[in-house]
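To be precise, the following lines are entry24.cif, and they hold mmCIF, N, CA and C atoms.
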```
data_coords
#
loop_
_atom_site.label_atom_id
_atom_site.label_comp_id
_atom_site.auth_asym_id
_atom_site.auth_seq_id
_atom_site.Cartn_x
_atom_site.Cartn_y
_atom_site.Cartn_z
N MET A 26 -1.29 -4.38 -15.99
CA MET A 26 -0.15 -4.22 -15.11
C MET A 26 0.86 -3.34 -15.83
N ARG A 27 1.37 -2.38 -15.09
CA ARG A 27 2.34 -1.47 -15.67
C ARG A 27 3.57 -1.46 -14.79
N SER A 28 4.70 -1.76 -15.36
CA SER A 28 5.96 -1.76 -14.64
C SER A 28 7.00 -1.08 -15.52
N THR A 29 7.65 -0.08 -14.99
CA THR A 29 8.66 0.63 -15.77
C THR A 29 9.87 0.86 -14.89
N SER A 30 10.99 1.12 -15.54
CA SER A 30 12.18 1.48 -14.78
C SER A 30 13.12 2.26 -15.68
N ALA A 31 13.90 3.11 -15.03
CA ALA A 31 14.94 3.85 -15.73
C ALA A 31 16.16 2.93 -15.82
N PRO A 32 17.17 3.31 -16.58
CA PRO A 32 18.38 2.51 -16.64
C PRO A 32 18.97 2.31 -15.25
N GLU A 33 19.66 1.18 -15.09
CA GLU A 33 20.28 0.87 -13.80
C GLU A 33 21.22 2.00 -13.39
N GLY A 34 21.35 2.20 -12.09
CA GLY A 34 22.25 3.22 -11.57
C GLY A 34 21.64 3.88 -10.36
N ALA A 35 22.37 4.83 -9.82
CA ALA A 35 21.97 5.49 -8.58
C ALA A 35 20.65 6.23 -8.73
N GLY A 36 20.37 6.76 -9.91
CA GLY A 36 19.16 7.54 -10.10
C GLY A 36 18.00 6.76 -10.68
N ALA A 37 18.10 5.43 -10.71
CA ALA A 37 17.04 4.61 -11.31
C ALA A 37 15.74 4.75 -10.52
N VAL A 38 14.65 4.89 -11.25
CA VAL A 38 13.32 4.93 -10.65
C VAL A 38 12.54 3.75 -11.22
N ARG A 39 11.97 2.96 -10.34
CA ARG A 39 11.18 1.81 -10.78
C ARG A 39 9.75 2.00 -10.32
N LEU A 40 8.82 1.65 -11.19
CA LEU A 40 7.41 1.91 -10.94
C LEU A 40 6.58 0.68 -11.30
N PHE A 41 5.64 0.35 -10.44
CA PHE A 41 4.69 -0.73 -10.70
C PHE A 41 3.31 -0.20 -10.31
N THR A 42 2.35 -0.33 -11.22
CA THR A 42 0.98 0.11 -10.96
C THR A 42 0.03 -0.96 -11.44
N GLN A 43 -0.96 -1.28 -10.61
CA GLN A 43 -1.95 -2.28 -10.97
C GLN A 43 -3.26 -1.98 -10.25
N ARG A 44 -4.37 -2.14 -10.95
CA ARG A 44 -5.70 -2.03 -10.33
C ARG A 44 -6.20 -3.42 -9.99
N PHE A 45 -7.00 -3.49 -8.92
CA PHE A 45 -7.55 -4.75 -8.45
C PHE A 45 -9.02 -4.56 -8.12
N SER A 46 -9.77 -5.65 -8.22
CA SER A 46 -11.17 -5.60 -7.80
C SER A 46 -11.22 -5.39 -6.29
N SER A 47 -12.21 -4.65 -5.83
CA SER A 47 -12.34 -4.34 -4.40
C SER A 47 -12.95 -5.53 -3.66
N THR A 48 -12.21 -6.62 -3.64
CA THR A 48 -12.62 -7.86 -2.97
C THR A 48 -11.46 -8.38 -2.14
N ARG A 49 -11.76 -9.37 -1.30
CA ARG A 49 -10.69 -9.99 -0.52
C ARG A 49 -9.65 -10.62 -1.44
N LEU A 50 -10.12 -11.23 -2.52
CA LEU A 50 -9.20 -11.83 -3.49
C LEU A 50 -8.32 -10.76 -4.12
N GLY A 51 -8.90 -9.60 -4.43
CA GLY A 51 -8.11 -8.49 -4.97
C GLY A 51 -7.03 -8.04 -4.00
N ALA A 52 -7.36 -7.97 -2.71
CA ALA A 52 -6.38 -7.57 -1.70
C ALA A 52 -5.25 -8.60 -1.62
N ARG A 53 -5.61 -9.87 -1.66
CA ARG A 53 -4.60 -10.93 -1.60
C ARG A 53 -3.69 -10.89 -2.83
N LEU A 54 -4.29 -10.68 -4.00
CA LEU A 54 -3.52 -10.60 -5.23
C LEU A 54 -2.58 -9.39 -5.22
N ALA A 55 -3.02 -8.27 -4.67
CA ALA A 55 -2.17 -7.08 -4.58
C ALA A 55 -0.90 -7.39 -3.78
N ARG A 56 -1.06 -8.07 -2.66
CA ARG A 56 0.09 -8.45 -1.83
C ARG A 56 1.01 -9.39 -2.60
N HIS A 57 0.43 -10.38 -3.25
CA HIS A 57 1.22 -11.36 -4.00
C HIS A 57 2.02 -10.69 -5.12
N LEU A 58 1.37 -9.85 -5.91
CA LEU A 58 2.06 -9.20 -7.02
C LEU A 58 3.11 -8.19 -6.54
N ALA A 59 2.84 -7.52 -5.42
CA ALA A 59 3.83 -6.60 -4.86
C ALA A 59 5.11 -7.36 -4.49
N LEU A 60 4.95 -8.51 -3.85
CA LEU A 60 6.13 -9.30 -3.47
C LEU A 60 6.86 -9.82 -4.69
N HIS A 61 6.11 -10.22 -5.70
CA HIS A 61 6.74 -10.67 -6.95
C HIS A 61 7.53 -9.53 -7.59
N GLN A 62 6.96 -8.33 -7.60
CA GLN A 62 7.66 -7.19 -8.19
C GLN A 62 8.91 -6.84 -7.40
N LEU A 63 8.82 -6.88 -6.08
CA LEU A 63 10.00 -6.59 -5.26
C LEU A 63 11.11 -7.60 -5.52
N GLU A 64 10.73 -8.85 -5.72
CA GLU A 64 11.72 -9.89 -6.07
C GLU A 64 12.41 -9.52 -7.38
N ARG A 65 11.64 -9.08 -8.37
CA ARG A 65 12.22 -8.68 -9.65
C ARG A 65 13.16 -7.49 -9.49
N TRP A 66 12.90 -6.65 -8.51
CA TRP A 66 13.73 -5.48 -8.27
C TRP A 66 14.90 -5.77 -7.33
N GLY A 67 15.10 -7.02 -6.96
CA GLY A 67 16.26 -7.38 -6.15
C GLY A 67 16.02 -7.44 -4.65
N HIS A 68 14.77 -7.52 -4.22
CA HIS A 68 14.44 -7.63 -2.80
C HIS A 68 13.63 -8.91 -2.61
N PRO A 69 14.31 -10.06 -2.48
CA PRO A 69 13.62 -11.36 -2.46
C PRO A 69 12.80 -11.58 -1.19
N HIS A 70 11.91 -12.56 -1.31
CA HIS A 70 11.08 -12.97 -0.16
C HIS A 70 11.99 -13.26 1.04
N GLY A 71 11.51 -12.88 2.21
CA GLY A 71 12.25 -13.16 3.44
C GLY A 71 13.23 -12.08 3.85
N THR A 72 13.46 -11.08 3.00
CA THR A 72 14.33 -9.98 3.40
C THR A 72 13.51 -8.98 4.22
N ALA A 73 14.20 -8.12 4.94
CA ALA A 73 13.50 -7.15 5.79
C ALA A 73 12.59 -6.25 4.96
N VAL A 74 13.06 -5.80 3.79
CA VAL A 74 12.25 -4.93 2.94
C VAL A 74 11.01 -5.67 2.45
N SER A 75 11.20 -6.89 1.98
CA SER A 75 10.08 -7.67 1.46
C SER A 75 9.05 -7.96 2.55
N ASP A 76 9.52 -8.35 3.73
CA ASP A 76 8.60 -8.66 4.82
C ASP A 76 7.80 -7.44 5.27
N ALA A 77 8.49 -6.30 5.42
CA ALA A 77 7.80 -5.07 5.84
C ALA A 77 6.82 -4.63 4.76
N ALA A 78 7.25 -4.68 3.50
CA ALA A 78 6.37 -4.26 2.40
C ALA A 78 5.16 -5.18 2.31
N ALA A 79 5.34 -6.47 2.54
CA ALA A 79 4.22 -7.42 2.49
C ALA A 79 3.14 -7.03 3.49
N LEU A 80 3.55 -6.71 4.71
CA LEU A 80 2.57 -6.32 5.73
C LEU A 80 1.92 -4.99 5.41
N VAL A 81 2.69 -4.03 4.94
CA VAL A 81 2.14 -2.71 4.61
C VAL A 81 1.13 -2.84 3.47
N VAL A 82 1.51 -3.55 2.41
CA VAL A 82 0.59 -3.73 1.27
C VAL A 82 -0.66 -4.46 1.72
N ALA A 83 -0.49 -5.52 2.50
CA ALA A 83 -1.65 -6.30 2.96
C ALA A 83 -2.61 -5.44 3.77
N GLU A 84 -2.10 -4.67 4.71
CA GLU A 84 -2.96 -3.84 5.55
C GLU A 84 -3.65 -2.74 4.75
N LEU A 85 -2.92 -2.09 3.87
CA LEU A 85 -3.53 -1.01 3.08
C LEU A 85 -4.53 -1.57 2.09
N ALA A 86 -4.26 -2.73 1.51
CA ALA A 86 -5.21 -3.34 0.57
C ALA A 86 -6.48 -3.76 1.29
N VAL A 87 -6.35 -4.36 2.46
CA VAL A 87 -7.55 -4.76 3.22
C VAL A 87 -8.35 -3.53 3.60
N ASN A 88 -7.69 -2.46 3.99
CA ASN A 88 -8.42 -1.22 4.32
C ASN A 88 -9.12 -0.66 3.09
N ALA A 89 -8.48 -0.71 1.93
CA ALA A 89 -9.11 -0.22 0.71
C ALA A 89 -10.36 -1.03 0.38
N VAL A 90 -10.29 -2.33 0.59
CA VAL A 90 -11.43 -3.21 0.30
C VAL A 90 -12.52 -3.06 1.36
N THR A 91 -12.13 -2.94 2.61
CA THR A 91 -13.08 -2.90 3.72
C THR A 91 -13.71 -1.52 3.89
N HIS A 92 -12.89 -0.48 3.88
CA HIS A 92 -13.38 0.86 4.21
C HIS A 92 -13.48 1.78 2.99
N GLY A 93 -12.79 1.45 1.91
CA GLY A 93 -12.77 2.34 0.75
C GLY A 93 -13.54 1.82 -0.44
N ARG A 94 -14.23 0.72 -0.25
CA ARG A 94 -14.91 0.08 -1.37
C ARG A 94 -16.12 0.90 -1.83
N VAL A 95 -16.17 1.12 -3.12
CA VAL A 95 -17.33 1.68 -3.80
C VAL A 95 -17.73 0.63 -4.83
N PRO A 96 -18.98 0.14 -4.77
CA PRO A 96 -19.39 -0.92 -5.70
C PRO A 96 -19.06 -0.57 -7.15
N GLY A 97 -18.43 -1.51 -7.84
CA GLY A 97 -18.09 -1.31 -9.24
C GLY A 97 -16.79 -0.57 -9.47
N ARG A 98 -16.10 -0.15 -8.41
CA ARG A 98 -14.84 0.59 -8.55
C ARG A 98 -13.70 -0.23 -7.99
N ASP A 99 -12.56 -0.18 -8.66
CA ASP A 99 -11.37 -0.90 -8.23
C ASP A 99 -10.56 -0.07 -7.25
N PHE A 100 -9.57 -0.71 -6.64
CA PHE A 100 -8.55 0.04 -5.91
C PHE A 100 -7.24 -0.15 -6.67
N GLU A 101 -6.29 0.74 -6.40
CA GLU A 101 -5.03 0.71 -7.15
C GLU A 101 -3.84 0.64 -6.21
N LEU A 102 -2.90 -0.22 -6.56
CA LEU A 102 -1.61 -0.33 -5.88
C LEU A 102 -0.56 0.30 -6.77
N ARG A 103 0.28 1.11 -6.19
CA ARG A 103 1.40 1.71 -6.91
C ARG A 103 2.64 1.56 -6.04
N LEU A 104 3.69 1.00 -6.60
CA LEU A 104 4.98 0.87 -5.93
C LEU A 104 5.98 1.73 -6.68
N VAL A 105 6.75 2.52 -5.94
CA VAL A 105 7.80 3.34 -6.53
C VAL A 105 9.07 3.06 -5.75
N LEU A 106 10.09 2.62 -6.45
CA LEU A 106 11.39 2.37 -5.85
C LEU A 106 12.36 3.39 -6.41
N ALA A 107 12.81 4.32 -5.57
CA ALA A 107 13.70 5.40 -6.02
C ALA A 107 14.47 5.96 -4.84
N CYS A 108 15.70 6.32 -5.10
CA CYS A 108 16.53 7.05 -4.11
C CYS A 108 16.56 6.35 -2.77
N GLY A 109 16.66 5.03 -2.75
CA GLY A 109 16.76 4.30 -1.49
C GLY A 109 15.48 4.20 -0.70
N THR A 110 14.34 4.44 -1.35
CA THR A 110 13.05 4.39 -0.67
C THR A 110 12.06 3.60 -1.50
N LEU A 111 11.28 2.76 -0.83
CA LEU A 111 10.14 2.10 -1.46
C LEU A 111 8.90 2.83 -0.99
N ARG A 112 8.13 3.34 -1.93
CA ARG A 112 6.87 4.01 -1.62
C ARG A 112 5.73 3.10 -2.06
N VAL A 113 4.83 2.83 -1.13
CA VAL A 113 3.64 2.02 -1.39
C VAL A 113 2.45 2.96 -1.34
N GLU A 114 1.68 3.01 -2.43
CA GLU A 114 0.48 3.84 -2.47
C GLU A 114 -0.72 2.96 -2.75
N MET A 115 -1.76 3.11 -1.95
CA MET A 115 -3.01 2.38 -2.14
C MET A 115 -4.10 3.42 -2.31
N THR A 116 -4.79 3.39 -3.45
CA THR A 116 -5.80 4.38 -3.78
C THR A 116 -7.16 3.72 -3.91
N ASP A 117 -8.17 4.33 -3.30
CA ASP A 117 -9.55 3.84 -3.46
C ASP A 117 -10.44 5.02 -3.84
N ALA A 118 -11.70 4.72 -4.13
CA ALA A 118 -12.61 5.74 -4.66
C ALA A 118 -13.51 6.38 -3.62
N ARG A 119 -13.33 6.10 -2.35
CA ARG A 119 -14.23 6.63 -1.33
C ARG A 119 -13.60 7.84 -0.64
N ASP A 120 -14.37 8.93 -0.58
CA ASP A 120 -13.91 10.15 0.09
C ASP A 120 -14.14 10.10 1.59
N GLU A 121 -15.33 9.64 1.96
CA GLU A 121 -15.64 9.58 3.39
C GLU A 121 -14.90 8.41 4.02
N ARG A 122 -14.98 8.31 5.31
CA ARG A 122 -14.28 7.27 6.07
C ARG A 122 -12.77 7.35 5.87
N ARG A 123 -12.27 8.59 5.88
CA ARG A 123 -10.82 8.79 5.75
C ARG A 123 -10.12 8.37 7.03
N PRO A 124 -8.98 7.73 6.91
CA PRO A 124 -8.22 7.42 8.13
C PRO A 124 -7.62 8.68 8.71
N PRO A 125 -7.31 8.67 9.98
CA PRO A 125 -6.65 9.83 10.57
C PRO A 125 -5.25 10.00 9.98
N GLN A 126 -4.71 11.18 10.13
CA GLN A 126 -3.34 11.43 9.68
C GLN A 126 -2.36 10.75 10.63
N PRO A 127 -1.10 10.59 10.20
CA PRO A 127 -0.08 9.98 11.07
C PRO A 127 -0.01 10.70 12.41
N GLY A 128 0.16 9.92 13.45
CA GLY A 128 0.21 10.45 14.80
C GLY A 128 -1.15 10.67 15.42
N GLY A 129 -2.21 10.55 14.64
CA GLY A 129 -3.56 10.79 15.13
C GLY A 129 -4.41 9.54 15.25
N LEU A 130 -3.77 8.38 15.22
CA LEU A 130 -4.53 7.13 15.31
C LEU A 130 -5.04 6.92 16.73
N PRO A 131 -6.32 6.64 16.89
CA PRO A 131 -6.82 6.34 18.23
C PRO A 131 -6.31 4.97 18.69
N ALA A 132 -6.18 4.82 19.98
CA ALA A 132 -5.75 3.53 20.53
C ALA A 132 -6.80 2.48 20.20
N PRO A 133 -6.37 1.31 19.75
CA PRO A 133 -7.36 0.27 19.42
C PRO A 133 -7.99 -0.30 20.68
N ASP A 134 -9.23 -0.73 20.54
CA ASP A 134 -9.91 -1.42 21.63
C ASP A 134 -9.18 -2.73 21.87
N PRO A 135 -8.71 -2.97 23.10
CA PRO A 135 -7.92 -4.19 23.34
C PRO A 135 -8.69 -5.48 23.10
N TYR A 136 -10.02 -5.41 23.07
CA TYR A 136 -10.83 -6.61 22.88
C TYR A 136 -11.36 -6.74 21.45
N ALA A 137 -11.10 -5.74 20.62
CA ALA A 137 -11.60 -5.77 19.24
C ALA A 137 -10.76 -6.72 18.40
N GLU A 138 -11.41 -7.32 17.42
CA GLU A 138 -10.71 -8.23 16.51
C GLU A 138 -10.12 -7.51 15.31
N SER A 139 -10.35 -6.22 15.19
CA SER A 139 -9.80 -5.44 14.09
C SER A 139 -9.44 -4.06 14.61
N GLY A 140 -8.93 -3.21 13.70
CA GLY A 140 -8.62 -1.84 14.10
C GLY A 140 -7.16 -1.58 14.39
N ARG A 141 -6.29 -2.51 14.00
CA ARG A 141 -4.86 -2.33 14.29
C ARG A 141 -4.01 -2.16 13.02
N GLY A 142 -4.65 -2.22 11.85
CA GLY A 142 -3.91 -2.20 10.59
C GLY A 142 -3.04 -0.98 10.41
N LEU A 143 -3.59 0.21 10.59
CA LEU A 143 -2.78 1.42 10.41
C LEU A 143 -1.73 1.57 11.51
N HIS A 144 -1.98 0.96 12.66
CA HIS A 144 -0.93 0.96 13.70
C HIS A 144 0.28 0.15 13.22
N LEU A 145 0.01 -0.96 12.53
CA LEU A 145 1.11 -1.74 11.95
C LEU A 145 1.84 -0.93 10.88
N VAL A 146 1.08 -0.26 10.03
CA VAL A 146 1.68 0.56 8.98
C VAL A 146 2.55 1.64 9.63
N GLU A 147 2.02 2.29 10.65
CA GLU A 147 2.78 3.35 11.33
C GLU A 147 4.06 2.81 11.97
N ALA A 148 4.00 1.59 12.49
CA ALA A 148 5.18 0.98 13.11
C ALA A 148 6.22 0.56 12.09
N LEU A 149 5.78 0.08 10.93
CA LEU A 149 6.71 -0.45 9.93
C LEU A 149 7.26 0.61 8.98
N ALA A 150 6.45 1.61 8.66
CA ALA A 150 6.85 2.62 7.68
C ALA A 150 7.68 3.71 8.35
N ASP A 151 8.60 4.25 7.59
CA ASP A 151 9.37 5.40 8.08
C ASP A 151 8.55 6.68 8.00
N ARG A 152 7.62 6.71 7.03
CA ARG A 152 6.70 7.83 6.87
C ARG A 152 5.43 7.29 6.25
N TRP A 153 4.31 7.95 6.53
CA TRP A 153 3.07 7.63 5.83
C TRP A 153 2.17 8.84 5.86
N GLU A 154 1.22 8.87 4.91
CA GLU A 154 0.33 10.03 4.81
C GLU A 154 -0.95 9.63 4.08
N VAL A 155 -1.95 10.48 4.24
CA VAL A 155 -3.22 10.31 3.53
C VAL A 155 -3.37 11.51 2.60
N LEU A 156 -3.59 11.22 1.31
CA LEU A 156 -3.67 12.26 0.29
C LEU A 156 -5.02 12.23 -0.41
N ASP A 157 -5.49 13.39 -0.84
CA ASP A 157 -6.71 13.46 -1.64
C ASP A 157 -6.41 12.94 -3.04
N ARG A 158 -7.39 12.29 -3.62
CA ARG A 158 -7.31 11.84 -5.01
C ARG A 158 -8.38 12.61 -5.77
N LEU A 159 -7.98 13.23 -6.85
CA LEU A 159 -8.94 14.01 -7.62
C LEU A 159 -9.41 13.19 -8.81
N PRO A 160 -10.66 13.16 -9.14
CA PRO A 160 -11.73 13.98 -8.59
C PRO A 160 -12.32 13.42 -7.29
N VAL A 161 -12.23 12.11 -7.05
CA VAL A 161 -12.76 11.54 -5.82
C VAL A 161 -11.79 10.50 -5.28
N GLY A 162 -11.91 10.27 -3.99
CA GLY A 162 -11.13 9.20 -3.38
C GLY A 162 -9.97 9.70 -2.55
N LYS A 163 -9.15 8.74 -2.17
CA LYS A 163 -7.99 9.04 -1.33
C LYS A 163 -6.88 8.05 -1.63
N THR A 164 -5.67 8.44 -1.28
CA THR A 164 -4.50 7.57 -1.39
C THR A 164 -3.83 7.54 -0.03
N VAL A 165 -3.55 6.34 0.45
CA VAL A 165 -2.73 6.19 1.65
C VAL A 165 -1.37 5.71 1.17
N ALA A 166 -0.34 6.48 1.50
CA ALA A 166 1.01 6.19 1.05
C ALA A 166 1.91 5.93 2.24
N ALA A 167 2.77 4.93 2.11
CA ALA A 167 3.73 4.60 3.16
C ALA A 167 5.10 4.45 2.51
N GLU A 168 6.12 4.96 3.17
CA GLU A 168 7.48 4.86 2.65
C GLU A 168 8.36 4.05 3.57
N LEU A 169 9.14 3.18 2.95
CA LEU A 169 10.10 2.36 3.67
C LEU A 169 11.50 2.72 3.19
N ASP A 170 12.35 3.19 4.10
CA ASP A 170 13.74 3.48 3.72
C ASP A 170 14.48 2.15 3.59
N LEU A 171 15.21 1.98 2.50
CA LEU A 171 15.89 0.71 2.25
C LEU A 171 17.22 0.62 2.96
N THR A 172 17.63 1.67 3.62
CA THR A 172 18.93 1.69 4.29
C THR A 172 18.81 1.37 5.78
N ARG A 173 17.73 0.68 6.16
CA ARG A 173 17.53 0.36 7.57
C ARG A 173 18.63 -0.52 8.08
#
```
Please lay out the structure from this file as structure tokens.
Amino acid sequence: MRSTSAPEGAGAVRLFTQRFSSTRLGARLARHLALHQLERWGHPHGTAVSDAAALVVAELAVNAVTHGRVPGRDFELRLVLACGTLRVEMTDARDERRPPQPGGLPAPDPYAESGRGLHLVEALADRWEVLDRLPVGKTVAAELDLTR
């Protein structure tokens, strides 16, 4: 687990990075540790930021485990708190099965039991994107403005 921060003040940048096993337990642990880190950074459980971040982390972690899993490879959670924005990045090792870019999500099947995760991310995040990870993989990043 890696957590760093600059001195307190307007320009402080806080960073948390952790790898998890590509399992359901890993996804659950990612959500738990993200909420713990947000609490340490002054955003306690039950606040709007914490609640929105919990859902975003949970959805992205489940997608990394479900769609981005490569046997023997972990996924990574990275939180960056800077300039009034919380950035959540979830990285996995799979190139194929990329999610669509923002605004390009297909409507979910109303009878399906899954397929709504990125719709939740799109609704909760102020911005989100899919980035290439070199040499392989992808990162799905979502940003939450703290001045909501």
DSSP alpha helix (DSSP H) residues within chain A, listed as JSON, numbers by chain:
{"A": [49, 50, 51, 52, 53, 54, 55, 56, 57, 58, 59, 60, 61, 62, 63, 64, 65, 73, 74, 75, 76, 77, 78, 79, 80, 81, 82, 83, 84, 85, 86, 87, 88, 89, 90, 91, 142, 143, 144, 145, 146, 147, 148, 149]}
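From atom C of A:Glu114 back to atom N of A:Asp99, the distance works out to 13.6 Å.
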What would the selection look like, as an mmCIF file with N, CA and C atoms, keeping the file's coordinate frame, if the PyMOL selection byres (((chain A and resi 164 and name CA) around 6) and name CA) were run on the coordinates I just shared?
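Below you can see selection.cif, which holds the result:
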```cif
data_model
loop_
_atom_site.group_PDB
_atom_site.id
_atom_site.type_symbol
_atom_site.label_atom_id
_atom_site.label_comp_id
_atom_site.auth_asym_id
_atom_site.auth_seq_id
_atom_site.Cartn_x
_atom_site.Cartn_y
_atom_site.Cartn_z
ATOM 1 N N MET A 115 -1.760 3.110 -1.950
ATOM 2 C CA MET A 115 -3.010 2.380 -2.140
ATOM 3 C C MET A 115 -4.100 3.420 -2.310
ATOM 4 N N THR A 116 -4.790 3.390 -3.450
ATOM 5 C CA THR A 116 -5.800 4.380 -3.780
ATOM 6 C C THR A 116 -7.160 3.720 -3.910
ATOM 7 N N VAL A 155 -1.950 10.480 4.240
ATOM 8 C CA VAL A 155 -3.220 10.310 3.530
ATOM 9 C C VAL A 155 -3.370 11.510 2.600
ATOM 10 N N LEU A 156 -3.590 11.220 1.310
ATOM 11 C CA LEU A 156 -3.670 12.260 0.290
ATOM 12 C C LEU A 156 -5.020 12.230 -0.410
ATOM 13 N N LYS A 163 -9.150 8.740 -2.170
ATOM 14 C CA LYS A 163 -7.990 9.040 -1.330
ATOM 15 C C LYS A 163 -6.880 8.050 -1.630
ATOM 16 N N VAL A 165 -3.550 6.340 0.450
ATOM 17 C CA VAL A 165 -2.730 6.190 1.650
ATOM 18 C C VAL A 165 -1.370 5.710 1.170
#
```
Applying 9 Å and only C-alpha atoms, which residues near A:Arg94 remain after dropping the ones on its own chain fewer than 3 positions away? List them as a ChimeraX atom specification.
/A:47-48,88-91,97-100,117-119
For the structure provided, state which residues fall under the PyMOL selection byres ((chain A and resi 112) around 7), and present them as a PDB file with N, CA and C atoms, in the coordinates of the input.
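Contents of the output file result.pdb:
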```
ATOM      1  N   ARG A 103       0.280   1.110  -6.190  1.00  0.00           N
ATOM      2  CA  ARG A 103       1.400   1.710  -6.910  1.00  0.00           C
ATOM      3  C   ARG A 103       2.640   1.560  -6.040  1.00  0.00           C
ATOM      4  N   LEU A 104       3.690   1.000  -6.600  1.00  0.00           N
ATOM      5  CA  LEU A 104       4.980   0.870  -5.930  1.00  0.00           C
ATOM      6  C   LEU A 104       5.980   1.730  -6.680  1.00  0.00           C
ATOM      7  N   VAL A 105       6.750   2.520  -5.940  1.00  0.00           N
ATOM      8  CA  VAL A 105       7.800   3.340  -6.530  1.00  0.00           C
ATOM      9  C   VAL A 105       9.070   3.060  -5.750  1.00  0.00           C
ATOM     10  N   LEU A 106      10.090   2.620  -6.450  1.00  0.00           N
ATOM     11  CA  LEU A 106      11.390   2.370  -5.850  1.00  0.00           C
ATOM     12  C   LEU A 106      12.360   3.390  -6.410  1.00  0.00           C
ATOM     13  N   ALA A 107      12.810   4.320  -5.570  1.00  0.00           N
ATOM     14  CA  ALA A 107      13.700   5.400  -6.020  1.00  0.00           C
ATOM     15  C   ALA A 107      14.470   5.960  -4.840  1.00  0.00           C
ATOM     16  N   THR A 110      14.340   4.440  -1.350  1.00  0.00           N
ATOM     17  CA  THR A 110      13.050   4.390  -0.670  1.00  0.00           C
ATOM     18  C   THR A 110      12.060   3.600  -1.500  1.00  0.00           C
ATOM     19  N   LEU A 111      11.280   2.760  -0.830  1.00  0.00           N
ATOM     20  CA  LEU A 111      10.140   2.100  -1.460  1.00  0.00           C
ATOM     21  C   LEU A 111       8.900   2.830  -0.990  1.00  0.00           C
ATOM     22  N   VAL A 113       4.830   2.830  -1.130  1.00  0.00           N
ATOM     23  CA  VAL A 113       3.640   2.020  -1.390  1.00  0.00           C
ATOM     24  C   VAL A 113       2.450   2.960  -1.340  1.00  0.00           C
ATOM     25  N   GLU A 114       1.680   3.010  -2.430  1.00  0.00           N
ATOM     26  CA  GLU A 114       0.480   3.840  -2.470  1.00  0.00           C
ATOM     27  C   GLU A 114      -0.720   2.960  -2.750  1.00  0.00           C
ATOM     28  N   ALA A 166      -0.340   6.480   1.500  1.00  0.00           N
ATOM     29  CA  ALA A 166       1.010   6.190   1.050  1.00  0.00           C
ATOM     30  C   ALA A 166       1.910   5.930   2.240  1.00  0.00           C
ATOM     31  N   ALA A 167       2.770   4.930   2.110  1.00  0.00           N
ATOM     32  CA  ALA A 167       3.730   4.600   3.160  1.00  0.00           C
ATOM     33  C   ALA A 167       5.100   4.450   2.510  1.00  0.00           C
ATOM     34  N   GLU A 168       6.120   4.960   3.170  1.00  0.00           N
ATOM     35  CA  GLU A 168       7.480   4.860   2.650  1.00  0.00           C
ATOM     36  C   GLU A 168       8.360   4.050   3.570  1.00  0.00           C
ATOM     37  N   LEU A 169       9.140   3.180   2.950  1.00  0.00           N
ATOM     38  CA  LEU A 169      10.100   2.360   3.670  1.00  0.00           C
ATOM     39  C   LEU A 169      11.500   2.720   3.190  1.00  0.00           C
TER      40      LEU A 169
END
```
Neighbour list for stretch 50-58 of chain A as a PDB file with N, CA and C atoms, keeping the file's coordinate frame, cut-off 6 Å, only N, CA and C atoms, skip fewer than 6 positions in-chain:
```pdb
ATOM      1  N   VAL A  82       1.510  -3.550   2.410  1.00  0.00           N
ATOM      2  CA  VAL A  82       0.590  -3.730   1.270  1.00  0.00           C
ATOM      3  C   VAL A  82      -0.660  -4.460   1.720  1.00  0.00           C
ATOM      4  N   ALA A  83      -0.490  -5.520   2.500  1.00  0.00           N
ATOM      5  CA  ALA A  83      -1.650  -6.300   2.960  1.00  0.00           C
ATOM      6  C   ALA A  83      -2.610  -5.440   3.770  1.00  0.00           C
ATOM      7  N   ALA A  86      -4.260  -2.730   1.510  1.00  0.00           N
ATOM      8  CA  ALA A  86      -5.210  -3.340   0.570  1.00  0.00           C
ATOM      9  C   ALA A  86      -6.480  -3.760   1.290  1.00  0.00           C
ATOM     10  N   VAL A  87      -6.350  -4.360   2.460  1.00  0.00           N
ATOM     11  CA  VAL A  87      -7.550  -4.760   3.220  1.00  0.00           C
ATOM     12  C   VAL A  87      -8.350  -3.530   3.600  1.00  0.00           C
TER      13      VAL A  87
END
```
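With all atoms listed in the file as the atoms that count, the minimum distance from A:Leu85 to the choices A:Val146, A:Ala137, A:Val38, A:Leu60 is reached by A:Val146.
With distances taken over only C-alpha atoms, A:Asp76 is the one residue among A:Asp76, A:Gly162, A:Gln62, A:Arg44 lying closest to A:Leu149.
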So, with only C-alpha atoms as the atoms that count, which of A:Glu154, A:Glu101, A:Trp66, A:Thr42 lies closest to A:Pro127?
A:Glu154
Using all atoms listed in the file, which of A:Glu147, A:Glu84, A:Arg141, A:Pro69 sits nearest A:Gly128?
A:Glu147
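Rounded to one decimal, atom C of A:Ala132 and atom C of A:His92 lie 18.5 Å from each other.
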With DSSP run on the backbone, what are the strand (DSSP E or B) residues within stretch 86-127 of chain A? I'd like them as an NGL selection string.
:A and (100-107 or 110-117)
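Atom CA of A:Arg39 is found 18.3 Å from atom CA of A:Ala77.
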